[in-house]
Every structure is written in C-alpha cells, then in structure tokens.
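A short worksheet on the structure shown next.
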Amino acid sequence: MADATILAFDLGTSGLKAAVLSSRAALLDAETVPLDVALLPNGGAEQHPLDWWKAMCTAAQTLWARGTVKAADVIGIALSSQWGGTVPVDAKGAPLRPAIIWMDARGRDEVRRLAGGFPSIDGYGALKAVTWLRKTGGIPSLSGKDPVGHIAWLRRHETKTFDDATLLLEPKDWVNMKLTGRAAASFDSIVSHWCTDNRKIDAIRYDDSLIKMNGLERSKLPDLVPSASVLGPLTKEAADALGLSTSVQVVAGAADIHMAGIGAGTVDHFRAHLCLGTSSWLVAHVPFKKADLSHNMASLPSAIPGSYLFCNEQESAAGGLKHVVEKLGARTGPQAYEDTFTLAEQSPAGAGGLFYLPWLHGERSPVDDHAVRGGFAGLSLEHDQRHLFRAVLEGVAFNTRWLQVHLEDNLGRKLDEVTVVGGGARSALWCQIHADVLKVPIRQVEAPQSANARGAGIQALVALGKLQWSDVRALVPIARTYEPAVKHSSLYDTRFEQFLLEFKHRRAMAHRFPSAE
C-alpha cells in the first residue's frame with residue numbers, strides 16, 4: 001500500500017512553493033513558482049490573491065506531471081503563509097481588489113490616529129496600550145503594516161471597497177476559503193488584528209471592546225478555530241484545479257513565522273530558530289504571555305496548541321541581499337548567488353571596515369520605524385564587490401544580534417543554539433558569519449528553503465493523527481552545525497557597537513530630513 005502523503009504550500013512574498021511530504025515528514029519533491037510584488041507610492045505593497053491561486057495550481061500540477069509523487073496518495077493539505085495582510089472579499093470569497101500585504105505602510109497615519117491618546121506612551125494612548133497588552137499580549141504597529149492599519153486605510157481611502165467587503169481575510173485564510181469554501185481564522189493567524197483576548201491560550205475569542213477600539217467590525221471578521229484544526233475537505237472546484245480528490249482534508253495552517261519554527265524542529269520551549277528569508281526573525285516558543293512594547297516583540301498564540309511564540313520580525317534579510325546582487329552586482333539567477341558568496345568569502349571578516357545597513361524598507365524590531373533607511377557606510381576607494389557582498393552578510397547578522405539581545409532579555413536566559421532556515425540558510429558562509437556574530441552554534445537544517453513547507457506538512461500530519469508533537473525534533477534532519485570562531489569575537493563585538501551607532505545616526509537623519517516617499 002502506498003504511503004500517505006501531505007501536500008504543503010508555502011505562500012511567500014517572492015514565490016509560492018508546493019512540497020509533498022511522507023507520513024514521517026520527509027521531503028519527497030517540491031516545486032516553486034515566482035510571484036511579483038507591486039510597490040506603490042507612499043509605502044504601498046500589493047499582490048493579487050488570484051495570482052497566489054494560479055501559482056498553487058501550477059505548482060501542484062507540475063509535481064503530478066513530473067511523476068516523483070502521486071496525487072492519489074495525498075490525504076491532507078496545509079499552508080504556510082505570509083502574515084499580516086488583508087484581502088477584502090465578497091460573499092462568495094472573490095477578492096474585491098489586490099491584497100494589501102505585510103510590507104504595506106500606507107495606513108500609518110490612520111493607525112497613529114486610532115492608537116493615539118493622552119497621556120501618550122511612545123505614540124500610543126496609555127489606556128489603549130494597557131488594554132491591548134493586557135488582553136492580546138501585543139499592540140498594533142504604528143508603521144501601519146498590520147491589518148489594523150490596512151483596514152483603517154481602506155475605510156478612509158477606498159470606502160466603497162470597505163463597505164462592499166463581506167469579509168476581510170488574512171492571506172492564509174483566503175486561500176483556505178478557496179480550498180474549502182469555509183471562512184475561518186485560526187487562533188494564531190488572527191493575532192495581528194489585535195482584537196482577540198489571548199489570555200487563555202486554548203480559548204482565544206474576539207473581544208468586542210478591542211474590535212471597536214481598532215475600528216473593525218465583527219461582521220467582517222471570520223469565525224475562529226483552534227490552531228492545527230481540520231477545516232474540512234476540498235471543494236470539487238478546488239480539487240479539480242489541483243488535480244486531487246475531494247476526500248483530501250485541509251488543515252488550518254499558520255503564518256510563515258510559526259511554520260518555520262515547526263519546520264526547524266524547534267517546537268520545545270526556549271529553542272530558537274532564525275529565518276533568513278525575504279525578511280528575517282529570531283523567535284522561540286515559550287510557556288508564557290509577555291510583551292516588550294519598547295522593542296516591538298511579544299509572545300503570541302502559536303500554531304502549536306497550548307503554546308506561545310515569542311515573535312519579532314526584521315524587514316530585510318535575503319531580500320536585501322537580492323536587491324544588492326541584482327542592482328549592484330548586475331547578476332540574476334541561482335549562479336549569481338553562488339558567485340556572490342564566493343566573492344564574499346574572499347573578503348576578510350569585517351569587510352575591510354565597510355558596513356551594510358539593512359533597513360531598506362524601514363524596520364520593525366527591535367525598533368519599529370518605517371522612516372529609517374539603510375545603505376553602505378564607510379565606503380572607500382579600496383573596496384570592491386568582495387567587500388560589498390561580505391558587508392551585506394555581516395550587516396544582516398548584526399541586525400540579528402540586535403534581536404538576540406532583546407529576545408534573550410525577554411526569555412530570561414541565553415540561547416544555547418540557534419537553528420537556521422530560509423533560502424539564505426543554504427549559504428555555509430552566512431551560517432558561519434551568524435555563528436561568529438551571535439556567538440552560538442548555528443544548526444543548519446537540510447533543505448532550509450523548504451522549512452516553512454515542511455512545517456505545514458508536519459502540522460497536517462499531527463492534525464490528522466499521523467504524528468505527535470513530541471516526534472518533531474527528531475524528524476527534522478540537520479545538515480551541519482557551525483561553531484563560533486573565537487578569533488573573530490573581539491572584532492565583531494566592536495563592529496556591533498558601531499552598527500548600533502549607525503542606526504541611531506540614520507534614524508535621526510531620516511526624521512530630520514524626511515524622504516519624499
């Protein structure tokens with residue numbers, strides 16, 4: 001009898017991946033379809049949900065045509081998805097406009113008005129801040145990049161779309177509605193709307209006072225289901241488009257930050273994972289609810305029932321590397337990155353004194369500021385591409401160390417290891433640089449670019465009774481562990497102090513001389 005398999009999707013910003021996993025979470029085959037982002041004036045960022053769906057169908061049908069895996073063996077589907085987006089839909093689930101994605105900051109003025117008040121704490125009305133923190137464990141970002149900001153912007157600038165919308169859905173929840181016909185948000189996916197009472201981790205519920213305070217309407221929000229719930233079978237339309245049976249069950253799935261942790265095998269409390277994707281994060285599961293308003297991080301309901309994930313996010317990691325490689329290196333395609341890492345390895349540690357500052361689209365954690373901008377600092381006539389590329393890798397690692405400082409403060413303990421996933425984790429050099437800068441062993445998972453999809457597959461296997469959460473760590477293969485190089489410790493300590501001073505200077509300049517964006 002054929003082994004039952006799971007079809008897992010990873011809806012990222014730059015691409016959609018479909019992967020098939022065995023009943024023991026082994027990756028059997030995968031296919032990726034690229035996606036485009038429309039960057040608009042005033043900080044806008046959009047994608048069309050129908051492009052996501054077309055990519056899903058294309059990727060699945062390509063897998064079946066290749067013949068490595070069989071559609072008939074699939075018993076379940078789960079989705080890892082970009083998080084913090086807004087899809088306005090009509091009563092049938094059809095999108096009324098392109099999705100406003102997590103990068104979109106057009107709602108910053110609206111959310112600042114909504115969140116403000118007297119007395120003020122860091123731009124938030126004190127009573128509002130206390131209410132959000134006490135009930136949700138977090139707080140809307142003043143950058144406008146949360147759904148609270150998106151929805152406030154829609155209400156003000158596209159009033160007809162807001163009024164016509166039957167529901168306002170997260171990207172994951174729109175895809176699940178497309179798959180099953182059922183509109184539902186899981187406890188973990190609804191969090192970024194900041195309108196749920198999260199104090200009882202197994203009984204998350206909407207809170208009417210939060211909904212009102214956030215300028216939302218309950219009728220436009222989907223029903224809630226526990227994390228890792230089975231939503232139901234595929235509709236005939238979805239099954240036909242994907243080449244699957246209508247008996248295939250759809251699991252609720254989760255945001256990428258949650259699925260990466262599962263795919264990294266870091267499901268136990270206080271085990272951290274780092275994702276080097278378009279954006280990046282350094283997070284860990286914890287048994288408690290806590291918020292750090294000053295550094296824009298908090299423990300939020302996770303994709304593992306009964307557990308919180310201490311969350312944060314940095315705007316630009318491998319996405320910044322891609323930008324530099326394509327714009328300054330005039331390179332594209334897989335070979336471009338191999339060449340880039342080869343050149344970077346030829347530069348000494350410290351990149352000849354050159355700094356790369358990764359705030360290309362503002363920053364979220366540990367300082368929430370959309371206005372700050374990055375670039376290179378300390379550029380001289382002695383520098384060439386080797387130094388430029390090395391500086392990018394080190395700059396992202398310094399930004400990660402900045403997160404590490406505040407994550408460890410909130411966890412109340414030092415990290416003893418970090419497991420790394422995401423496309424950037426394929427680079428041995430970048431893994432080693434992170435080990436040296438963070439001063440902890442870096443565990444590189446096999447096929448790190450597929451960690452989100454692996455996490456989605458594992459969640460589906462647990463939800464369908466094929467695995468237990470206690471099985472997960474042992475099932476995730478580690479390709480290599482990188483130990484910190486003591487010889488670089490003093491250099492990187494000094495460079496990190498300089499890096500923080502560069503941020504302080506850049507931030508002051510950004511606010512004194514605002515850009516015309």
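By convention here, the chains of the structure tokens are called A, B, ... in the order presented, each chain's residues are numbered starting at 1, and ligands are numbered starting at 1 in the order presented.
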Item checked: Neighbour list for stretch 260-263 of chain A as a PyMOL selection string, cut-off 9 Å, only C-alpha atoms, skip fewer than 5 positions in-chain -> chain A and resi 80+255+272-275+283-285+303-304+419+421-422+445+448+450-459+472-473+476
Checklist line | Selection: 8 Å around A:Pro358, only C-alpha atoms, excl. self and same-chain fewer than 3 positions, as an MDAnalysis selection string | finding: chainID A and resid 316:317 320 373:375 392 395:396 399
Per residue of stretch 191-279 of chain A within 12 Å of stretch 156-167 of chain A, which atom pair is closest and at what distance in Å (one decimal), using only C-alpha atoms, listed by chain and increasing number, as a tab-separated table?
```
residue	atom	partner	partner_atom	distance
A:Gly215	CA	A:Arg156	CA	11.1
A:Leu216	CA	A:Phe162	CA	10.6
A:Glu217	CA	A:Leu167	CA	9.5
A:Arg218	CA	A:Leu167	CA	9.4
A:Ser219	CA	A:Leu167	CA	7.4
A:Lys220	CA	A:Leu167	CA	4.2
A:Leu221	CA	A:Leu167	CA	5.7
A:Pro222	CA	A:Leu167	CA	6.8
A:Asp223	CA	A:Leu167	CA	10.4
```
Margin query: One number please: atom CA of A:Val74 to atom CA of A:Thr5, in Å, one decimal.
Written below: 4.7 Å
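If only C-alpha atoms are the atoms counted, then among A:Asp188, A:Asp73, A:Asp90, A:Asp268 the closest residue to A:Ala252 is A:Asp188.
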Margin query: Calculated over only C-alpha atoms, which of the candidates A:Leu114, A:Ala184, A:Lys487, A:Thr278 has the smallest distance to A:Lys212?
Written below: A:Leu114
Item checked: atom CA of A:Gly277 to atom CA of A:Leu393, distance in Å rounded to a single decimal ->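 Those two atoms sit 12.8 Å apart.
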